[in-house]
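Asker: Please see the structure below; I have some questions.
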Amino acid sequence: MALQLIISAGFDDSIPDEAGLRWVFFLLIFFGLVVFAVLVGFVTDSVSQFMNSLAVGRTKVAESSHTLILGWNEATLRCIVQISFLRRQYQILNEVNSYYILYYFPMLRPLADFLGLLERPSTSLANNDIVIMTDTISKEEMHILLEHTLSERGISPNRTKLGQNIICRIGDPTNVNDLIRVGARRAAAILVMMTEQDQEEEDESDGKIFNGATLRCALALRHVLFTNPYSPTVDVHPDLRIVLQMTSPSAYVDAACFEHPDGRDVIIPMDLSVFLNSLMFSCAAQPGLSQIILSILDFEGSAIRRRKAKNLRSGPEDEYGYCVGKTFGEMRREFSTAVFIGIIRPGMARDEIASAGFGLCPDPQTVIEEEDMLIFIGPKSSPVHSHDMVETFRGYVETAKQVIAHNPQIAKNRDDHEGDHGKVKSNILICGWRSVWEENPKRLHKRLLEIVSQRLLGSTVTFLNGVDYDKFTEMMVECGMRRTPNNANKSWRVYELHSPYEGIFVRHIQGDSALPEVLEPVINDNTIHTAIVLGTQANIRLRGRSRDTRVLNIMLLLRKLWNVKHEGVPMHIVGENSEDMTAKLALAPQRSKRKSQN
């Protein structure tokens with residue numbers, strides 16, 4: 001009878017009018033409301049939990065062939081910006097070919113990709129989304145930082161949209177379950193940026209464990225990839241590569257690495273301390289080199305890029321893979337807006353690359369195969385091909401031969417000045433210290449050779465740091481140098497380099513370069529042509545922002561002392577930075593010139 005009353009949606013005369021039935025109806029309505037309220041509460045709670053999980057960033061990622069960034073440090077934002085530049089260039093290329101249809105209707109891109117109407121990307125980073133996972137900051141904080149950074153660099157949200165093309169998730173990069181949740185087994189490129197956690201592990205272990213979090217993350221990735229195949233028929237993603245950002249050398253990191261089924265290395269450890277030190281000392285040895293290197297490492301303009309040979313357009317018909325089977329020398333003459341500088345064959349052992357004619361500045365007679373990586377410098381990832389450039393290059397060669405034939409003094413001068421060509425006599429000051437040099441003095445020796453190889457006899461390299469004199473002497477002796485018997489200044493120790501750099505001296509001063517009373521005598525008593533300012537010190541550990549502040553203080557002090565001395569000899573200063581803004585603050589901007597109004 002209750003069902004009949006509900007269905008009829010009104011009063012029914014056929015129902016007996018008895019008191020007991022009235023109570024039955026009342027109880028039905030009361031408990032029905034209670035049950036309905038409970039059900040509504042369950043639904044509301046489940047929806048609320050789902051929305052909270054979306055806000056927190058703990059939901060599963062359903063991406064495939066994406067770029068996965070694990071961890072968060074001071075370089076993460078810069079990395080995402082560079083990937084966004086790659087995405088923008090690739091999308092602009094396809095938008096021009098499609099008369100901007102894909103720009104105004106981005107939902108058509110998957111269809112165009114399925115139909116094969118899009119240009120082949122040079123790398124998976126250019127046409128796939130980015131997934132970031134960390135447990136050091138919240139998803140909201142990541143979104144705020146990314147939004148400000150992308151807007152500052154002029155990256156349009158129509159091409160790289162936060163929340164759709166850049167997906168942020170909260171999780172532990174060393175946890176297997178969290179790696180599965182962000183689709184690590186389906187990722188095409190994985191970048192491990194766990195340097196801050198590495199620093200915490202090193203501090204907690206009293207300096208005994210280096211790269212602890214990075215290596216643990218690498219082991220977790222290896223477990224996920226080995227136990228969760230990419231597809232039922234393919235064990236590992238065909239294009240998978242994992243890059244480990246490391247700040248300290250590791251003697252056993254190769255034990256965690258493994259090879260792809262095609263023979264190439266999947267895990268690529270990158271010891272940034274080696275790269276950074278080599279870059280700084282090379283730039284100090286050759287003024288102006290820093291601007292060139294920084295410009296070609298930025299995807300915003302002309303930069304170092306690579307493309308598979310089978311995806312490179314060339315030949316009279318501008319077809320894919322035309323260069324396959326031809327030599328590297330023949331291929332590089334067909335492009336007008338790209339300079340090809342190298343070739344890499346996947347799966348080749350690193351110690352065989354140079355001897356086999358590969359790498360940078362390869363053998364021009366190297367025959368190109370389909371999977372070879374062609375390295376070039378250009379403004380776009382798709383170099384502009386012009387088959388007419390072949391004849392143009394031949395004209396260049398003929399002109400060069402004529403110049404040499406009519407100017408025999410060119411070859412004579414080259415032979416007369418061989419070995420000393422381009423070298424200068426100058427003094428270099430190095431402020432700061434790397435702790436890795438104490439553990440491995442040979443690395444310090446390599447950095448010194450990078451400088452003195454471009455210096456004439458009589459040049460000096462002065463170290464100003466907190467290293468003990470006796471410890472520094474032990475390292476110099478291990479590097480093959482000898483201490484000079486007599487010193488004009490008792491507070492300094494001087495060492496002479498070995499052959500063939502005899503006559504070039506290394507000086508060591510113990511002290512803090514940030515103190516005016518320590519740095520002032522060095523500048524006043526010597527002519528310093530180049531200064532290298534390091535943020536790291538001996539026996540003192542600072543975070544990135546504090547290191548940058550120290551570098552800025554030392555650079556200001558150097559500028560002050562140089563102005564007071566008024567020697568007239570320019571000083572070239574090379575400094576390191578952890579944050580992008582530090583580089584802008586270190587260089588004095590051009591003052592805006594306003595026209596005076598009458």
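Just so we're on the same page: first chain in the structure tokens is A, next is B, and so on; residues restart at 1 for each chain, and ligands are numbered from 1 in the order they show up.
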Excluding region 553-569 of chain A and its own-chain neighbours fewer than 5 positions away, which residues fall within 9 Å of it when counting only C-alpha atoms? Please give them as a PyMOL selection string.

Answerer: chain A and resi 431+513-516+519-520+523-524+527-529+531+533+548+575+586

Asker: What residues in region 375-467 of chain A get the DSSP label strand (DSSP E or B)? Please answer as a ChimeraX atom specification.

Answerer: /A:375-378,385,424,427-431,455,460-465

Asker: Among the residues of region 42-96 of chain A, find those DSSP assigns to alpha helix (DSSP H) from the backbone and print them as number ranges by chain.

Answerer: A: 42-56, 76-96

Asker: Please report as a Markdown table every residue of region 63-136 of chain A lying within 12 Å of region 220-241 of chain A, along with the nearest atom pair and their distance in Å (one decimal), using only C-alpha atoms.

Answerer:
| residue | atom | partner | partner_atom | distance |
| --- | --- | --- | --- | --- |
| A:Ser64 | CA | A:Tyr230 | CA | 9.6 |
| A:Ser65 | CA | A:His237 | CA | 7.9 |
| A:His66 | CA | A:Leu240 | CA | 10.1 |
| A:Thr67 | CA | A:Leu240 | CA | 9.8 |
| A:Leu68 | CA | A:Arg241 | CA | 10.6 |
| A:Leu70 | CA | A:Leu221 | CA | 10.5 |
| A:Ser122 | CA | A:Asp239 | CA | 11.9 |
| A:Thr123 | CA | A:Asp239 | CA | 9.2 |
| A:Ser124 | CA | A:Asp239 | CA | 8.0 |
| A:Leu125 | CA | A:Asp239 | CA | 10.9 |

Asker: Given the selection you just returned, output its residues as a file containing N, CA and C atoms, formatted as a short mmCIF file (atom, residue, chain, number, x, y, z; two decimals), in the first residue's frame.

Answerer:
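Resulting contents of part-v3.cif:
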data_model
loop_
_atom_site.label_atom_id
_atom_site.label_comp_id
_atom_site.auth_asym_id
_atom_site.auth_seq_id
_atom_site.Cartn_x
_atom_site.Cartn_y
_atom_site.Cartn_z
N SER A 64 50.91 8.30 -21.81
CA SER A 64 51.82 7.34 -22.43
C SER A 64 52.83 8.10 -23.26
N SER A 65 54.08 7.62 -23.27
CA SER A 65 55.19 8.26 -23.99
C SER A 65 55.43 9.68 -23.49
N HIS A 66 55.10 9.95 -22.24
CA HIS A 66 55.25 11.28 -21.68
C HIS A 66 56.66 11.48 -21.13
N THR A 67 56.94 12.72 -20.77
CA THR A 67 58.20 13.07 -20.11
C THR A 67 57.95 13.12 -18.61
N LEU A 68 58.68 12.32 -17.85
CA LEU A 68 58.46 12.22 -16.41
C LEU A 68 59.64 12.86 -15.68
N LEU A 70 61.11 13.49 -11.95
CA LEU A 70 61.02 13.00 -10.58
C LEU A 70 61.87 13.87 -9.68
N SER A 122 61.53 15.74 -33.48
CA SER A 122 62.94 15.37 -33.31
C SER A 122 63.17 14.58 -32.03
N THR A 123 62.27 14.74 -31.05
CA THR A 123 62.37 14.05 -29.78
C THR A 123 60.98 13.90 -29.20
N SER A 124 60.80 12.90 -28.34
CA SER A 124 59.49 12.68 -27.72
C SER A 124 59.08 13.84 -26.82
N LEU A 125 60.03 14.64 -26.36
CA LEU A 125 59.71 15.77 -25.50
C LEU A 125 58.90 16.83 -26.24
#

Asker: Report as a list of chain:residue names all protein, DNA and RNA residues lying within 9 Å of Leu360 (chain A), evaluated on only C-alpha atoms, omitting residues in the same chain fewer than 5 positions from it.

Answerer: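 Listing them by chain and then by number gives A:Ile341, A:Gly342, A:Ile343, A:Ile344, A:Ala354, A:Ile375.
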
Asker: Could those residues be written to a file, using C-alpha atoms, as a compact mmCIF listing (two decimals), in the first residue's frame?

Answerer:
# COMPACT_ATOMS: atom_id res chain seq x y z
CA ILE A 341 78.57 19.19 -35.85
CA GLY A 342 78.32 15.52 -34.88
CA ILE A 343 76.82 12.09 -35.23
CA ILE A 344 76.10 9.39 -32.64
CA ALA A 354 85.82 8.77 -31.17
CA ILE A 375 73.69 16.68 -34.05

Asker: Please list as a ChimeraX atom specification every residue within 9 Å of Lys326 (chain A), counting only C-alpha atoms and excluding residues in the same chain fewer than 4 positions away.

Answerer: /A:322,330-331,365-369

Asker: Could you tell me which of A:Arg493, A:Arg88, A:Arg216, A:Arg181 comes closest to Ser156 (chain A) if we count only C-alpha atoms?

Answerer: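 Among the listed residues, A:Arg88 lies closest to Ser156 (chain A).
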
Asker: Excluding region 143-147 of chain A and its own-chain neighbours fewer than 2 positions away, which residues fall within 10 Å of it when counting only C-alpha atoms? Please give them as a ChimeraX atom specification.

Answerer: /A:76-78,80-81,138-141,149-152,155,157,161-163,166-168

Asker: Take CA of Ser250 (chain A) and CA of His445 (chain A) and report the distance between them in Å, one decimal.

Answerer: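 Computing the Euclidean distance for CA of Ser250 (chain A) and CA of His445 (chain A) yields 18.9 Å.
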
Asker: Show which residues sit within 10 Å of Leu448 (chain A), as a list in words. Count only C-alpha atoms, and ignore same-chain residues fewer than 6 positions away.

Answerer: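 So the residues in contact are Ser278, Phe281, Ser282, Ala285, Lys442, Val461, Leu497 and Val506 of chain A.
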
Asker: Determine the nearest neighbour of Asp178 (chain A) from the options A:Val266, A:Ile377, A:Leu111, A:Val61, counting only C-alpha atoms.

Answerer: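 Checking each of A:Val266, A:Ile377, A:Leu111, A:Val61 against Asp178 (chain A), counting only C-alpha atoms, the winner is A:Val61.
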
Asker: State, in Å with one decimal place, the distance from CA of Asp512 (chain A) to CA of Gly432 (chain A).

Answerer: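 Distance reported for this atom pair: 8.0 Å.
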